[in-house]
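J.: final.txt (compact mmCIF, C-alpha atoms) pasted underneath:
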# COMPACT_ATOMS: atom_id res chain seq x y z
CA MET A 968 0.00 0.00 0.00
CA GLN A 969 1.23 3.51 -0.87
CA THR A 970 2.20 5.68 2.10
CA LEU A 971 1.48 9.39 2.53
CA GLU A 972 5.22 10.11 2.13
CA GLN A 973 5.29 8.30 -1.24
CA TRP A 974 2.17 10.18 -2.33
CA LEU A 975 3.73 13.53 -1.37
CA GLU A 976 6.99 12.64 -3.12
CA VAL A 977 5.14 12.35 -6.44
CA ALA A 978 2.72 15.24 -5.81
CA THR A 979 5.52 17.73 -5.07
CA GLN A 980 7.87 16.66 -7.86
CA GLY A 981 9.38 19.66 -9.67
CA LEU A 982 7.84 22.26 -7.33
CA CYS A 983 10.12 24.85 -5.73
CA ASP A 984 11.04 24.32 -2.07
CA SER A 985 8.54 26.79 -0.59
CA ALA A 986 5.67 25.44 -2.73
CA ALA A 987 6.56 21.82 -1.88
CA ALA A 988 6.67 22.70 1.84
CA ARG A 989 3.25 24.31 1.60
CA VAL A 990 1.76 21.28 -0.19
CA ARG A 991 3.27 18.94 2.40
CA ALA A 992 1.83 21.01 5.25
CA GLU A 993 -1.68 21.30 3.83
CA ILE A 994 -1.97 17.72 2.60
CA GLY A 995 -0.42 16.43 5.86
CA GLU A 996 -3.01 18.39 7.84
CA HIS A 997 -5.81 17.19 5.54
CA TYR A 998 -4.68 13.57 5.95
CA LEU A 999 -4.59 13.84 9.76
CA SER A 1000 -8.08 15.37 9.80
CA ALA A 1001 -9.34 12.49 7.63
CA LEU A 1002 -7.74 9.94 9.99
CA GLU A 1003 -9.29 11.63 13.02
CA SER A 1004 -12.70 11.64 11.40
CA ALA A 1005 -12.45 7.96 10.40
CA ASN A 1006 -11.15 6.93 13.83
CA SER A 1007 -13.99 8.71 15.59
CA ALA A 1008 -16.41 6.83 13.30
CA GLY A 1009 -14.89 3.56 14.56
CA VAL A 1010 -12.81 2.71 11.47
CA ASP A 1011 -9.58 0.86 12.31
CA GLN A 1012 -6.29 2.69 11.75
CA ARG A 1013 -5.11 0.72 8.69
CA ASP A 1014 -8.43 1.11 6.90
CA ALA A 1015 -8.58 4.79 7.86
CA GLU A 1016 -5.13 5.38 6.29
CA ARG A 1017 -6.15 3.55 3.11
CA ARG A 1018 -9.38 5.57 2.85
CA ALA A 1019 -7.62 8.90 3.52
CA LEU A 1020 -5.08 8.24 0.75
CA HIS A 1021 -7.76 7.04 -1.66
CA ALA A 1022 -9.80 10.21 -1.02
CA LEU A 1023 -6.80 12.34 -2.03
CA GLY A 1024 -6.77 10.80 -5.50
CA GLU A 1025 -3.83 10.16 -7.80
CA ALA A 1026 -0.61 11.91 -6.82
CA LYS A 1027 0.38 12.44 -10.49
CA VAL A 1028 -2.89 14.28 -11.20
CA ALA A 1029 -2.39 16.40 -8.08
CA ASN A 1030 1.17 17.19 -9.23
CA ARG A 1031 -0.11 18.41 -12.62
CA GLN A 1032 -2.66 20.65 -10.91
CA TYR A 1033 -0.17 22.03 -8.41
CA ARG A 1034 2.28 22.87 -11.21
CA ARG A 1035 -0.41 25.03 -12.81
CA VAL A 1036 -0.82 27.22 -9.72
CA LEU A 1037 2.46 27.02 -7.77
CA LEU A 1038 5.99 27.97 -8.77
CA THR A 1039 8.11 25.15 -10.14
CA GLU A 1040 11.84 24.89 -9.43
CA SER A 1041 12.78 26.41 -12.77
CA GLU A 1042 10.27 29.27 -12.42
CA ALA A 1043 11.58 30.04 -8.93
CA ARG A 1044 15.12 30.14 -10.37
CA THR A 1045 13.92 32.46 -13.15
CA LEU A 1046 12.18 34.71 -10.62
CA SER A 1047 15.28 34.87 -8.49
CA GLY A 1048 17.43 35.70 -11.54
CA LEU A 1049 15.00 38.33 -12.78
CA THR A 1050 14.86 40.17 -9.48
CA SER A 1051 18.58 40.91 -9.78
CA ARG A 1052 19.81 44.04 -11.55
CA TRP A 1053 22.86 42.12 -12.66
CA PRO A 1054 22.77 40.19 -15.91
CA HIS A 1055 22.51 36.41 -16.03
CA PRO A 1056 25.94 34.68 -15.82
CA PHE A 1057 25.50 33.63 -19.47
CA GLY A 1058 25.10 37.32 -20.37
CA ILE A 1059 28.34 38.15 -18.56
CA PHE A 1060 30.04 35.25 -20.37
CA LEU A 1061 28.84 36.63 -23.73
CA LEU A 1062 30.04 40.12 -22.82
CA VAL A 1063 33.50 38.83 -21.88
CA ALA A 1064 33.64 36.62 -24.99
CA MET A 1065 32.74 39.61 -27.17
CA ALA A 1066 35.37 41.78 -25.47
CA ILE A 1067 38.05 39.12 -26.04
CA GLY A 1068 36.83 38.66 -29.63
CA ALA A 1069 36.90 42.40 -30.27
CA ILE A 1070 40.47 42.69 -28.95
CA ALA A 1071 41.78 39.53 -30.60
CA LEU A 1072 40.13 39.78 -34.00
CA ARG A 1073 39.90 43.56 -34.27
CA THR A 1074 37.08 43.31 -36.73
CA ALA A 1075 34.27 45.82 -37.10
CA LEU A 1076 31.73 43.09 -36.45
CA PHE A 1077 33.17 42.18 -33.05
CA ASN A 1078 33.50 45.86 -32.07
CA TYR A 1079 29.88 46.36 -33.01
CA LEU A 1080 28.68 43.28 -31.10
CA PHE A 1081 30.70 44.25 -28.04
CA ALA A 1082 29.18 47.75 -28.05
CA TYR A 1083 25.76 46.16 -28.50
CA PHE A 1084 26.15 43.97 -25.42
CA VAL A 1085 27.51 46.82 -23.29
CA VAL A 1086 24.51 49.02 -24.15
CA LEU A 1087 22.15 46.09 -23.51
CA VAL A 1088 23.63 45.48 -20.05
CA VAL A 1089 23.44 49.18 -19.17
CA LEU A 1090 19.82 49.38 -20.33
CA ARG A 1091 18.92 46.29 -18.36
CA ALA A 1092 20.29 47.94 -15.24
CA LEU A 1093 17.97 50.94 -15.65
CA PRO A 1094 14.94 50.81 -13.35
CA VAL A 1095 12.34 50.78 -16.12
CA SER A 1096 11.34 47.14 -16.35
CA SER A 1097 9.50 46.34 -13.13
CA ILE A 1098 6.66 43.80 -13.25
CA ARG A 1099 4.55 46.62 -11.81
CA ALA A 1100 5.39 48.82 -14.77
CA GLY A 1101 2.54 50.83 -16.23
CA TRP A 1102 1.74 51.07 -19.93
CA VAL A 1103 4.06 53.99 -20.66
CA VAL A 1104 7.02 52.15 -19.14
CA ARG A 1105 6.09 48.93 -20.92
CA ILE A 1106 5.94 50.71 -24.26
CA PHE A 1107 9.32 52.28 -23.50
CA ARG A 1108 10.70 48.82 -22.73
CA TRP A 1109 9.45 47.37 -26.02
CA VAL A 1110 10.72 50.34 -28.01
CA ASN A 1111 14.10 49.73 -26.39
CA LEU A 1112 14.02 46.07 -27.33
CA THR A 1113 12.91 46.79 -30.88
CA VAL A 1114 15.66 49.37 -31.35
CA PHE A 1115 18.32 47.02 -30.09
CA TYR A 1116 17.09 43.99 -31.99
CA THR A 1117 17.10 46.14 -35.11
CA MET A 1118 20.60 47.37 -34.29
CA TRP A 1119 21.66 43.76 -33.89
CA LEU A 1120 20.23 42.78 -37.27
CA VAL A 1121 21.62 45.82 -39.07
CA GLY A 1122 25.02 45.22 -37.49
CA VAL A 1123 25.13 41.60 -38.54
CA MET A 1124 23.87 42.45 -42.04
CA ASP A 1125 26.05 45.44 -42.80
CA LEU A 1126 29.26 44.59 -41.06
CA GLY A 1127 29.31 40.84 -41.22
CA LYS A 1128 27.99 40.31 -44.74
CA SER A 1129 26.30 37.34 -43.24
CA PRO A 1130 24.54 34.57 -45.09
CA ALA A 1131 20.73 34.54 -45.13
CA VAL A 1132 20.56 31.62 -42.74
CA LEU A 1133 22.20 33.70 -40.00
CA LEU A 1134 19.79 36.59 -40.55
CA VAL A 1135 16.82 34.24 -40.35
CA GLY A 1136 18.35 32.70 -37.23
CA MET A 1137 18.79 36.08 -35.57
CA THR A 1138 15.26 37.14 -36.45
CA LEU A 1139 13.94 33.92 -34.92
CA PHE A 1140 16.12 34.51 -31.85
CA ASN A 1141 14.55 37.96 -31.41
CA VAL A 1142 11.03 36.60 -31.78
CA VAL A 1143 11.76 33.83 -29.26
CA ALA A 1144 13.23 36.36 -26.82
CA VAL A 1145 10.10 38.53 -27.00
CA VAL A 1146 7.73 35.56 -26.66
CA HIS A 1147 9.79 34.11 -23.79
CA THR A 1148 9.77 37.44 -21.90
CA GLU A 1149 6.01 37.88 -22.28
CA TYR A 1150 5.31 34.24 -21.36
CA THR A 1151 7.53 34.49 -18.25
CA ARG A 1152 5.70 37.62 -17.14
CA PHE A 1153 2.34 35.93 -17.78
CA VAL A 1154 3.25 32.83 -15.72
CA LEU A 1155 4.66 34.84 -12.84
CA ARG A 1156 1.70 37.21 -12.75
CA ARG A 1157 -0.64 34.22 -12.72
CA LYS A 1158 1.16 32.26 -10.02
CA VAL A 1159 2.49 34.89 -7.64
CA PRO A 1160 -0.21 36.89 -5.81
CA VAL A 1161 0.00 40.61 -6.54
CA GLU A 1162 0.92 41.50 -2.96
CA GLN A 1163 3.83 39.04 -3.10
CA TRP A 1164 5.33 40.40 -6.32
CA PRO A 1165 8.93 41.44 -5.83
CA ARG A 1166 9.29 45.23 -5.63
CA MET A 1167 11.40 45.10 -8.73
CA LEU A 1168 11.35 42.40 -11.35
CA TRP A 1169 13.84 43.12 -14.06
CA ILE A 1170 12.30 41.74 -17.19
CA MET B 350 -20.20 13.71 -10.85
CA ASN B 351 -17.53 15.76 -12.64
CA LEU B 352 -16.91 19.09 -10.90
CA ARG B 353 -14.74 20.57 -13.62
CA GLY B 354 -14.91 24.36 -13.52
CA THR B 355 -17.43 24.58 -10.69
CA LEU B 356 -15.18 23.72 -7.74
CA PRO B 357 -14.01 27.34 -7.13
CA THR B 358 -17.64 28.49 -6.97
CA LEU B 359 -18.53 25.67 -4.57
CA ILE B 360 -15.57 26.58 -2.36
CA LEU B 361 -16.66 30.25 -2.29
CA GLU B 362 -20.21 29.15 -1.46
CA ALA B 363 -18.93 26.99 1.42
CA LEU B 364 -16.79 29.83 2.74
CA ALA B 365 -19.61 32.37 2.42
CA LEU B 366 -21.24 30.67 5.44
CA HIS B 367 -18.15 30.78 7.65
CA PRO B 368 -14.33 30.53 7.47
CA ASP B 369 -13.09 26.96 7.38
CA HIS B 370 -10.09 24.68 6.82
CA GLY B 371 -9.48 22.51 3.76
CA TYR B 372 -10.71 19.14 5.00
CA SER B 373 -13.93 20.61 6.38
CA ILE B 374 -14.61 22.53 3.14
CA ALA B 375 -14.32 19.27 1.16
CA GLN B 376 -16.65 17.40 3.50
CA ARG B 377 -19.22 20.19 3.52
CA ILE B 378 -19.39 20.28 -0.28
CA LYS B 379 -19.88 16.51 -0.37
CA GLU B 380 -22.46 16.53 2.41
CA ARG B 381 -24.48 19.47 1.08
CA SER B 382 -24.75 17.75 -2.32
CA ARG B 383 -25.72 14.51 -0.52
CA GLY B 384 -22.72 12.78 -2.04
CA VAL B 385 -23.62 13.62 -5.67
CA LEU B 386 -20.67 15.99 -6.03
CA ASP B 387 -17.77 13.72 -5.23
CA PHE B 388 -14.21 14.75 -6.06
CA LYS B 389 -10.66 13.80 -5.24
CA GLU B 390 -9.81 15.86 -2.20
CA SER B 391 -6.30 16.87 -3.33
CA THR B 392 -7.92 18.88 -6.18
CA LEU B 393 -9.34 21.21 -3.54
CA TYR B 394 -5.96 22.76 -2.72
CA PRO B 395 -4.90 23.88 -6.22
CA ALA B 396 -8.34 25.51 -6.46
CA LEU B 397 -7.77 27.21 -3.08
CA HIS B 398 -4.35 28.45 -4.25
CA LYS B 399 -5.88 29.89 -7.40
CA LEU B 400 -8.66 31.65 -5.48
CA GLU B 401 -6.05 33.03 -3.12
CA GLN B 402 -3.93 34.31 -6.03
CA GLU B 403 -7.03 36.00 -7.47
CA GLY B 404 -7.66 37.68 -4.10
CA ARG B 405 -11.03 35.95 -3.65
CA ILE B 406 -10.05 34.25 -0.41
CA ASP B 407 -7.39 34.76 2.23
CA PHE B 408 -6.29 32.68 5.16
CA SER B 409 -4.95 32.76 8.69
CA GLU B 410 -3.12 30.03 10.55
CA GLN B 411 -4.70 28.69 13.74
CA VAL B 412 -3.36 26.14 16.18
CA GLU B 413 -5.87 23.44 17.15
CA ASN B 414 -4.91 20.41 19.23
CA GLY B 415 -1.25 21.25 18.72
CA ARG B 416 -1.64 21.30 14.91
CA THR B 417 -1.37 24.35 12.72
CA ARG B 418 -4.39 24.70 10.47
CA ARG B 419 -4.84 27.10 7.63
CA VAL B 420 -8.31 28.63 7.94
CA TYR B 421 -9.61 30.19 4.73
CA ARG B 422 -12.11 33.04 4.53
CA ILE B 423 -13.89 34.70 1.65
CA THR B 424 -12.90 38.29 0.80
CA HIS B 425 -15.06 41.14 -0.50
CA ALA B 426 -13.84 40.36 -4.05
CA GLY B 427 -14.75 36.71 -3.44
CA ARG B 428 -18.31 37.63 -2.42
CA LYS B 429 -18.71 39.72 -5.55
CA ALA B 430 -17.40 36.87 -7.71
CA LEU B 431 -19.74 34.43 -5.95
CA ALA B 432 -22.79 36.65 -6.56
CA LYS B 433 -21.86 36.81 -10.26
CA ASP B 434 -21.31 33.03 -10.43
CA ARG B 435 -24.68 32.37 -8.74
CA GLU B 436 -26.48 34.59 -11.23
CA GLU B 437 -24.74 32.95 -14.21
CA TRP B 438 -25.54 29.51 -12.86
CA ARG B 439 -29.24 30.38 -12.37
CA THR B 440 -29.47 31.71 -15.93
CA LEU B 441 -27.76 28.61 -17.33
CA SER B 442 -29.86 26.30 -15.18
CA ARG B 443 -33.14 27.99 -16.27
CA ALA B 444 -32.13 27.76 -19.93
CA VAL B 445 -31.21 24.06 -19.71
CA SER B 446 -34.42 23.29 -17.76
CA MET B 447 -36.53 24.96 -20.44
CA ILE B 448 -34.88 22.90 -23.16
CA LEU B 449 -35.19 19.66 -21.23
CA LYS B 450 -38.89 20.29 -20.56
CA GLU B 451 -39.44 20.80 -24.29
CA ALA B 452 -37.83 17.46 -25.16
Give the structure from the file, written as structure tokens.

T.:
Amino acid sequence: MQTLEQWLEVATQGLCDSAAARVRAEIGEHYLSALESANSAGVDQRDAERRALHALGEAKVANRQYRRVLLTESEARTLSGLTSRWPHPFGIFLLVAMAIGAIALRTALFNYLFAYFVVLVVLRALPVSSIRAGWVVRIFRWVNLTVFYTMWLVGVMDLGKSPAVLLVGMTLFNVVAVVHTEYTRFVLRRKVPVEQWPRMLWI
Amino acid sequence: MNLRGTLPTLILEALALHPDHGYSIAQRIKERSRGVLDFKESTLYPALHKLEQEGRIDFSEQVENGRTRRVYRITHAGRKALAKDREEWRTLSRAVSMILKEA
């Protein structure tokens, strides 16, 4: 017979630590209440445990439902990364790689890309991208993104004389970046209650 | 009977009477429907989380018999949402009844 611990193990899979702790606390309390109720009705302990677990339903189904409303591990990591004014470590890596490339190769393309990343990092550090941002600030943010994506494309086109496949790739990258940003905001807004939003969410 | 989509309304209805904890909410819904509305009890909590995120309920923690219980209560926004849900349900129910009588 499945135990409550085994049930919880499956039901909390992939949830962030705080969400998993909350699920454990509320389901643990629910289970104890069910046992109490069954015991007071004269049901023996073993049968009461079996009934209480059966009443909870399938742990996998519960896990799917919890993932829709609570933060998963990866979303919690994203949230933690986005509340920092500093760029993601991968962004820093790209910046350093571009700087080394610009110095080593001394090509116009690398100089351009390096300048592009520096401006992007500076813009990201400006306090204009909070999750609480109003429409004016949001429009400003998207104008910024559009300008810099365009700069990126123009730079690659003009200076690099790049093949079409790279241009298509970069365009797709820009579209994915925009969709990813909007989707992340949507998920976080949906899952984190308004009063618990971080004061500043840099996306 | 499948409760898909109606569980949040039933939770709000249960909490409109008085604040309560999860297990008791589940039992009250089952009892008040005389067992017709049966559901897996773990599905109650994701629905509670969603209602909480929407600001329709809030909770406080109370210690009973040495155990910490989360007691949920309906908010003003929750009461407004419940009134709207009731009205929609009555309209839908009247419409379906009229059609079924015709058949």

J.: Would you mind telling me which residue in B:Ile423, B:Leu449, B:Ala363, B:Ile374 lies nearest to chain A when using all atoms listed in the file?

T.: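 Closest candidate: B:Ile374.
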
J.: Near B:Gly427, counting all atoms listed in the file, which residues have an atom at most 7 Å away, once you skip same-chain residues fewer than 5 positions from it, shown as a ChimeraX atom specification?

T.: /B:361,405-406

J.: Could you tell me how far atom CA of A:Ser985 lies from atom CA of A:Glu1042, in Å and to one decimal?

T.: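 So the two atoms, atom CA of A:Ser985 and atom CA of A:Glu1042, lie 12.2 Å apart.
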
J.: Kindly determine which residues of chain B lie within 9 Å of chain A, considering all atoms listed in the file, and give the answer as a list in words.

T.: His370, Gly371, Tyr372, Ser373, Phe388, Lys389, Glu390, Ser391, Thr392, Tyr394, Pro395, Ala396, His398, Lys399, Glu401, Gln402, Glu403, Gly404, Arg416, Thr417, Arg418 and Arg419 of chain B

J.: Atom CA of B:Val420 to atom CA of B:Pro357: how many Å, to one decimal?

T.: 16.2 Å

J.: Suppose you want the space between atom CA of A:Val1154 and atom CA of A:Val1110; what is it in Å?

T.: 22.7 Å

J.: Nearest to B:Leu393: which of B:Glu413, B:Arg439, B:Ala444, B:Leu359 is it, counting all atoms listed in the file?

T.: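 Under the stated criterion, the closest residue is B:Leu359.
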
J.: Mind filling out stretch 416-427 of chain B with all heavy atoms and sending it as a PDB file, in the coordinates of the input?

T.:
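The resulting file, selection_23.pdb, is reproduced below:
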ATOM      1  N   ARG B 416      -1.910  21.316  16.366  1.00  0.00           N
ATOM      2  CA  ARG B 416      -1.640  21.300  14.910  1.00  0.00           C
ATOM      3  C   ARG B 416      -1.976  22.652  14.308  1.00  0.00           C
ATOM      4  O   ARG B 416      -2.963  23.273  14.678  1.00  0.00           O
ATOM      5  CB  ARG B 416      -2.490  20.222  14.234  1.00  0.00           C
ATOM      6  CG  ARG B 416      -2.063  18.847  14.637  1.00  0.00           C
ATOM      7  CD  ARG B 416      -2.653  17.731  13.796  1.00  0.00           C
ATOM      8  NE  ARG B 416      -3.770  17.988  12.960  1.00  0.00           N
ATOM      9  CZ  ARG B 416      -4.927  17.305  13.038  1.00  0.00           C
ATOM     10  NH1 ARG B 416      -5.089  16.379  13.964  1.00  0.00           N
ATOM     11  NH2 ARG B 416      -5.896  17.547  12.203  1.00  0.00           N
ATOM     12  N   THR B 417      -1.112  23.062  13.373  1.00  0.00           N
ATOM     13  CA  THR B 417      -1.370  24.350  12.720  1.00  0.00           C
ATOM     14  C   THR B 417      -2.282  24.126  11.529  1.00  0.00           C
ATOM     15  O   THR B 417      -1.979  23.334  10.638  1.00  0.00           O
ATOM     16  CB  THR B 417      -0.045  24.985  12.259  1.00  0.00           C
ATOM     17  OG1 THR B 417       0.820  25.073  13.391  1.00  0.00           O
ATOM     18  CG2 THR B 417      -0.273  26.381  11.692  1.00  0.00           C
ATOM     19  N   ARG B 418      -3.419  24.817  11.556  1.00  0.00           N
ATOM     20  CA  ARG B 418      -4.390  24.700  10.470  1.00  0.00           C
ATOM     21  C   ARG B 418      -4.511  26.010   9.731  1.00  0.00           C
ATOM     22  O   ARG B 418      -4.503  27.075  10.348  1.00  0.00           O
ATOM     23  CB  ARG B 418      -5.764  24.347  11.030  1.00  0.00           C
ATOM     24  CG  ARG B 418      -5.970  22.885  11.182  1.00  0.00           C
ATOM     25  CD  ARG B 418      -7.372  22.610  11.635  1.00  0.00           C
ATOM     26  NE  ARG B 418      -7.648  21.197  11.471  1.00  0.00           N
ATOM     27  CZ  ARG B 418      -8.656  20.577  12.041  1.00  0.00           C
ATOM     28  NH1 ARG B 418      -9.496  21.237  12.803  1.00  0.00           N
ATOM     29  NH2 ARG B 418      -8.844  19.286  11.838  1.00  0.00           N
ATOM     30  N   ARG B 419      -4.649  25.898   8.430  1.00  0.00           N
ATOM     31  CA  ARG B 419      -4.840  27.100   7.630  1.00  0.00           C
ATOM     32  C   ARG B 419      -6.357  27.290   7.461  1.00  0.00           C
ATOM     33  O   ARG B 419      -7.024  26.449   6.852  1.00  0.00           O
ATOM     34  CB  ARG B 419      -4.166  26.869   6.276  1.00  0.00           C
ATOM     35  CG  ARG B 419      -4.042  28.098   5.453  1.00  0.00           C
ATOM     36  CD  ARG B 419      -3.032  27.902   4.365  1.00  0.00           C
ATOM     37  NE  ARG B 419      -1.661  28.092   4.873  1.00  0.00           N
ATOM     38  CZ  ARG B 419      -0.635  28.399   4.119  1.00  0.00           C
ATOM     39  NH1 ARG B 419      -0.790  28.543   2.835  1.00  0.00           N
ATOM     40  NH2 ARG B 419       0.567  28.548   4.635  1.00  0.00           N
ATOM     41  N   VAL B 420      -6.866  28.372   8.019  1.00  0.00           N
ATOM     42  CA  VAL B 420      -8.310  28.630   7.940  1.00  0.00           C
ATOM     43  C   VAL B 420      -8.559  29.690   6.866  1.00  0.00           C
ATOM     44  O   VAL B 420      -8.012  30.790   6.934  1.00  0.00           O
ATOM     45  CB  VAL B 420      -8.874  29.083   9.304  1.00  0.00           C
ATOM     46  CG1 VAL B 420     -10.355  29.446   9.196  1.00  0.00           C
ATOM     47  CG2 VAL B 420      -8.676  27.989  10.334  1.00  0.00           C
ATOM     48  N   TYR B 421      -9.358  29.303   5.862  1.00  0.00           N
ATOM     49  CA  TYR B 421      -9.610  30.190   4.730  1.00  0.00           C
ATOM     50  C   TYR B 421     -10.887  31.001   4.955  1.00  0.00           C
ATOM     51  O   TYR B 421     -11.848  30.503   5.558  1.00  0.00           O
ATOM     52  CB  TYR B 421      -9.766  29.358   3.445  1.00  0.00           C
ATOM     53  CG  TYR B 421      -8.526  28.594   3.088  1.00  0.00           C
ATOM     54  CD1 TYR B 421      -8.325  27.297   3.550  1.00  0.00           C
ATOM     55  CD2 TYR B 421      -7.535  29.177   2.296  1.00  0.00           C
ATOM     56  CE1 TYR B 421      -7.171  26.590   3.237  1.00  0.00           C
ATOM     57  CE2 TYR B 421      -6.383  28.483   1.971  1.00  0.00           C
ATOM     58  CZ  TYR B 421      -6.209  27.187   2.444  1.00  0.00           C
ATOM     59  OH  TYR B 421      -5.072  26.503   2.128  1.00  0.00           O
ATOM     60  N   ARG B 422     -10.885  32.230   4.459  1.00  0.00           N
ATOM     61  CA  ARG B 422     -12.110  33.040   4.530  1.00  0.00           C
ATOM     62  C   ARG B 422     -12.301  33.777   3.214  1.00  0.00           C
ATOM     63  O   ARG B 422     -11.321  34.079   2.514  1.00  0.00           O
ATOM     64  CB  ARG B 422     -12.078  34.001   5.713  1.00  0.00           C
ATOM     65  CG  ARG B 422     -11.149  35.178   5.599  1.00  0.00           C
ATOM     66  CD  ARG B 422     -11.385  36.155   6.730  1.00  0.00           C
ATOM     67  NE  ARG B 422     -11.173  35.474   8.010  1.00  0.00           N
ATOM     68  CZ  ARG B 422      -9.968  35.260   8.538  1.00  0.00           C
ATOM     69  NH1 ARG B 422      -8.885  35.639   7.890  1.00  0.00           N
ATOM     70  NH2 ARG B 422      -9.827  34.642   9.686  1.00  0.00           N
ATOM     71  N   ILE B 423     -13.569  34.023   2.912  1.00  0.00           N
ATOM     72  CA  ILE B 423     -13.890  34.700   1.650  1.00  0.00           C
ATOM     73  C   ILE B 423     -13.636  36.201   1.812  1.00  0.00           C
ATOM     74  O   ILE B 423     -13.878  36.761   2.883  1.00  0.00           O
ATOM     75  CB  ILE B 423     -15.356  34.399   1.235  1.00  0.00           C
ATOM     76  CG1 ILE B 423     -15.625  34.850  -0.201  1.00  0.00           C
ATOM     77  CG2 ILE B 423     -16.353  35.010   2.203  1.00  0.00           C
ATOM     78  CD1 ILE B 423     -16.923  34.286  -0.775  1.00  0.00           C
ATOM     79  N   THR B 424     -13.159  36.843   0.759  1.00  0.00           N
ATOM     80  CA  THR B 424     -12.900  38.290   0.800  1.00  0.00           C
ATOM     81  C   THR B 424     -14.080  39.028   0.143  1.00  0.00           C
ATOM     82  O   THR B 424     -14.995  38.391  -0.397  1.00  0.00           O
ATOM     83  CB  THR B 424     -11.622  38.640   0.016  1.00  0.00           C
ATOM     84  OG1 THR B 424     -11.828  38.237  -1.346  1.00  0.00           O
ATOM     85  CG2 THR B 424     -10.409  37.946   0.590  1.00  0.00           C
ATOM     86  N   HIS B 425     -14.009  40.334   0.149  1.00  0.00           N
ATOM     87  CA  HIS B 425     -15.060  41.140  -0.500  1.00  0.00           C
ATOM     88  C   HIS B 425     -15.102  40.801  -2.004  1.00  0.00           C
ATOM     89  O   HIS B 425     -16.182  40.625  -2.572  1.00  0.00           O
ATOM     90  CB  HIS B 425     -14.763  42.623  -0.281  1.00  0.00           C
ATOM     91  CG  HIS B 425     -15.759  43.522  -0.924  1.00  0.00           C
ATOM     92  ND1 HIS B 425     -17.083  43.570  -0.534  1.00  0.00           N
ATOM     93  CD2 HIS B 425     -15.642  44.379  -1.969  1.00  0.00           C
ATOM     94  CE1 HIS B 425     -17.731  44.433  -1.296  1.00  0.00           C
ATOM     95  NE2 HIS B 425     -16.876  44.936  -2.178  1.00  0.00           N
ATOM     96  N   ALA B 426     -13.902  40.699  -2.609  1.00  0.00           N
ATOM     97  CA  ALA B 426     -13.840  40.360  -4.050  1.00  0.00           C
ATOM     98  C   ALA B 426     -14.426  38.972  -4.286  1.00  0.00           C
ATOM     99  O   ALA B 426     -15.076  38.722  -5.307  1.00  0.00           O
ATOM    100  CB  ALA B 426     -12.396  40.412  -4.526  1.00  0.00           C
ATOM    101  N   GLY B 427     -14.205  38.065  -3.332  1.00  0.00           N
ATOM    102  CA  GLY B 427     -14.750  36.710  -3.440  1.00  0.00           C
ATOM    103  C   GLY B 427     -16.268  36.717  -3.391  1.00  0.00           C
ATOM    104  O   GLY B 427     -16.927  35.987  -4.147  1.00  0.00           O
TER     105      GLY B 427
END
